[in-house]
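Quick look at coords_2.pdb (PDB, C-alpha atoms):
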ATOM      1  CA  MET H   1     -13.631  54.956  41.610
ATOM      2  CA  PRO H   2     -14.936  58.320  42.894
ATOM      3  CA  PRO H   3     -12.570  61.287  42.678
ATOM      4  CA  GLU H   4     -10.483  62.194  45.711
ATOM      5  CA  PRO H   5     -12.242  64.916  47.724
ATOM      6  CA  ILE H   6     -11.267  68.522  47.209
ATOM      7  CA  VAL H   7     -10.287  70.049  50.540
ATOM      8  CA  ALA H   8     -11.914  73.465  50.858
ATOM      9  CA  GLU H   9     -10.585  75.569  53.741
ATOM     10  CA  PHE H  10     -12.865  78.520  54.374
ATOM     11  CA  TYR H  11     -11.358  81.217  56.621
ATOM     12  CA  THR H  12     -14.062  83.285  58.247
ATOM     13  CA  LYS H  13     -15.206  84.927  61.475
ATOM     14  CA  GLU H  14     -18.480  85.534  63.285
ATOM     15  CA  GLY H  15     -20.448  88.581  62.179
ATOM     16  CA  CYS H  16     -18.754  88.925  58.777
ATOM     17  CA  GLY H  17     -21.293  89.746  56.079
ATOM     18  CA  LEU H  18     -19.007  88.844  53.167
ATOM     19  CA  CYS H  19     -18.225  85.545  54.903
ATOM     20  CA  HIS H  20     -21.920  84.764  55.115
ATOM     21  CA  GLU H  21     -22.348  85.506  51.394
ATOM     22  CA  MET H  22     -19.396  83.326  50.368
ATOM     23  CA  LYS H  23     -20.568  80.468  52.587
ATOM     24  CA  HIS H  24     -23.921  80.614  50.794
ATOM     25  CA  VAL H  25     -22.155  80.347  47.417
ATOM     26  CA  ILE H  26     -20.085  77.387  48.653
ATOM     27  CA  GLU H  27     -23.207  75.643  49.926
ATOM     28  CA  GLN H  28     -24.951  76.164  46.565
ATOM     29  CA  VAL H  29     -22.244  74.250  44.647
ATOM     30  CA  ARG H  30     -21.146  71.818  47.365
ATOM     31  CA  ALA H  31     -23.435  68.940  46.355
ATOM     32  CA  GLU H  32     -22.067  68.973  42.785
ATOM     33  CA  TYR H  33     -18.423  68.338  43.705
ATOM     34  CA  PRO H  34     -16.435  65.960  45.929
ATOM     35  CA  LEU H  35     -15.876  68.741  48.440
ATOM     36  CA  VAL H  36     -14.793  68.478  52.064
ATOM     37  CA  LEU H  37     -15.419  71.840  53.702
ATOM     38  CA  ARG H  38     -13.348  72.950  56.674
ATOM     39  CA  GLU H  39     -14.666  76.182  58.105
ATOM     40  CA  ILE H  40     -11.987  77.943  60.154
ATOM     41  CA  ASP H  41     -12.791  80.860  62.442
ATOM     42  CA  ILE H  42      -9.701  83.076  62.351
ATOM     43  CA  THR H  43     -10.469  84.459  65.811
ATOM     44  CA  SER H  44      -9.658  81.026  67.270
ATOM     45  CA  ASP H  45      -5.948  81.513  66.578
ATOM     46  CA  PRO H  46      -3.920  84.753  66.924
ATOM     47  CA  SER H  47      -1.629  83.663  64.056
ATOM     48  CA  LEU H  48      -4.655  83.425  61.746
ATOM     49  CA  VAL H  49      -5.807  86.890  62.816
ATOM     50  CA  ALA H  50      -2.308  88.178  62.024
ATOM     51  CA  ARG H  51      -2.246  86.354  58.683
ATOM     52  CA  PHE H  52      -5.708  87.306  57.438
ATOM     53  CA  GLY H  53      -6.791  90.294  59.547
ATOM     54  CA  GLU H  54      -9.689  91.948  57.774
ATOM     55  CA  GLU H  55      -8.909  90.216  54.477
ATOM     56  CA  ILE H  56     -11.612  87.602  54.859
ATOM     57  CA  PRO H  57     -13.369  85.560  53.741
ATOM     58  CA  VAL H  58     -10.697  83.515  52.008
ATOM     59  CA  LEU H  59     -11.245  80.140  50.355
ATOM     60  CA  PHE H  60      -8.419  77.721  49.678
ATOM     61  CA  LEU H  61      -8.940  74.658  47.484
ATOM     62  CA  ASP H  62      -6.421  71.861  48.033
ATOM     63  CA  GLY H  63      -4.107  74.321  49.771
ATOM     64  CA  ARG H  64      -4.145  77.029  47.086
ATOM     65  CA  LYS H  65      -5.963  80.329  47.424
ATOM     66  CA  ALA H  66      -9.040  80.215  45.206
ATOM     67  CA  CYS H  67     -10.780  83.462  46.123
ATOM     68  CA  LYS H  68     -10.905  86.265  48.640
ATOM     69  CA  PHE H  69     -13.753  88.583  49.674
ATOM     70  CA  GLN H  70     -16.322  87.486  47.069
ATOM     71  CA  THR H  71     -17.081  84.883  44.440
ATOM     72  CA  SER H  72     -20.054  83.809  42.388
ATOM     73  CA  GLU H  73     -21.460  80.344  41.906
ATOM     74  CA  SER H  74     -20.277  80.304  38.287
ATOM     75  CA  ALA H  75     -16.755  81.465  39.211
ATOM     76  CA  LEU H  76     -16.468  78.851  41.960
ATOM     77  CA  ARG H  77     -17.728  76.124  39.618
ATOM     78  CA  ARG H  78     -15.069  77.148  37.059
ATOM     79  CA  ARG H  79     -12.334  76.913  39.735
ATOM     80  CA  LEU H  80     -13.551  73.509  40.877
ATOM     81  CA  ASP H  81     -13.903  72.218  37.304
ATOM     82  CA  LEU H  82     -10.373  73.417  36.509
ATOM     83  CA  LEU H  83      -9.003  71.726  39.610
ATOM     84  CA  LEU H  84     -10.677  68.424  38.714
ATOM     85  CA  PHE H  85      -9.435  68.733  35.116
ATOM     86  CA  GLN H  86      -5.866  69.349  36.319
ATOM     87  CA  ARG H  87      -6.098  66.289  38.546
ATOM     88  CA  ARG H  88      -7.217  64.160  35.591
ATOM     89  CA  LEU H  89      -4.297  65.448  33.518
ATOM     90  CA  ARG H  90      -1.824  64.581  36.281
ATOM     91  CA  THR H  91      -3.355  61.132  36.677
ATOM     92  CA  THR H  92      -3.177  60.536  32.925
ATOM     93  CA  ALA H  93       0.426  61.765  32.776
ATOM     94  CA  LEU H  94       1.427  59.545  35.691
ATOM     95  CA  GLY H  95      -0.251  56.568  34.061
ATOM     96  CA  SER H  96       1.673  57.092  30.821
ATOM     97  CA  ASP H  97       4.993  57.177  32.726
ATOM     98  CA  ARG H  98       4.625  53.559  33.794
TER
END
Could I get this structure in the form of structure tokens?
Amino acid sequence: MPPEPIVAEFYTKEGCGLCHEMKHVIEQVRAEYPLVLREIDITSDPSLVARFGEEIPVLFLDGRKACKFQTSESALRRRLDLLLFQRRLRTTALGSDR
């Protein structure tokens, strides 16, 4: 059974150079992981502009902030590997409770 997809929420806006760089990093590792990417333009919602302002790009993985401003391919791979490892531990622990 394939692993449940990791939901990646990428908060960005048009014309943001750092956003472009982070999107490139995400795209480089995307094929290696069960990743569902949701790209969210903060300018589409005033509450997102208020929440993030100029503190973008921001990447959340399964609802938890993974990185802000910049990341590298190796750092993102480590975060994704850790997340998948934690999922396996939870699954194993739940299985032993039965």
Excluding Asp81 of chain H and its own-chain neighbours fewer than 5 positions away, which residues fall within 9 Å of it when counting all atoms listed in the file? Please give them as a list of chain:residue names.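 Here the qualifying residues turn out to be H:Tyr33, H:Leu76, H:Gln86.
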What's the separation between atom CA of Glu4 of chain H and atom CA of Glu32 of chain H, in Å to one decimal place?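 About the pair atom CA of Glu4 of chain H and atom CA of Glu32 of chain H: they are 13.7 Å apart.
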What's around Lys23 of chain H at 10 Å? Count all atoms listed in the file, leave out sequence neighbours fewer than 3 positions away in its own chain, and write the answer as a PyMOL selection string. chain H and resi 10+12+17-20+26-28+39+57+59+70-71
Length of the atom CA of Ser74 of chain H to atom CA of Gly53 of chain H vector [Å]: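 Computing it gives 27.1 Å between the two atoms.
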Work out how far atom CA of Val7 of chain H is from atom CA of Val36 of chain H, in Å to one decimal.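 For atom CA of Val36 of chain H relative to atom CA of Val7 of chain H, the distance reads 5.0 Å.
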Enclose segment 68-84 of chain H, meaning all of its atoms listed in the file, in a box aligned along x, y and z, pad it by 5 Å on each side, and list the centre and edge lengths in Å to one decimal, as AutoDock Vina command-line options.
--center_x -15.2 --center_y 78.5 --center_z 43.1 --size_x 22.5 --size_y 30.2 --size_z 23.2
Return as a PyMOL selection string the set of residues that the PyMOL selection byres ((chain H and resi 40) around 9) yields on the displayed structure. chain H and resi 9-13+38-39+41-44
Selection in question (the file shown): the PyMOL selection byres ((chain H and resi 62) around 7). Which residues does it include, as a PyMOL selection string? chain H and resi 6-8+60-61+63-64
Calculated over all atoms listed in the file, which of the candidates H:Glu21, H:Val29, H:Pro5, H:Val58 has the smallest distance to Arg78 of chain H?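 Of H:Glu21, H:Val29, H:Pro5, H:Val58, the one nearest Arg78 of chain H is H:Val29, counting all atoms listed in the file.
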I need the residue nearest Lys68 of chain H from this list: H:Leu80, H:Thr92, H:Phe52, H:Phe85. Use all atoms listed in the file for the distance.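 Closest candidate: H:Phe52.
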Return the single residue from H:Leu84, H:Ala75, H:Ala31, H:Ala93 that is closest to Pro3 of chain H, with distances computed using all atoms listed in the file.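 Nearest candidate to Pro3 of chain H out of H:Leu84, H:Ala75, H:Ala31, H:Ala93: H:Leu84.
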Which of H:Arg30, H:Gly15, H:Glu54, H:Val49 sits closest to Phe69 of chain H [using all atoms listed in the file]: H:Glu54
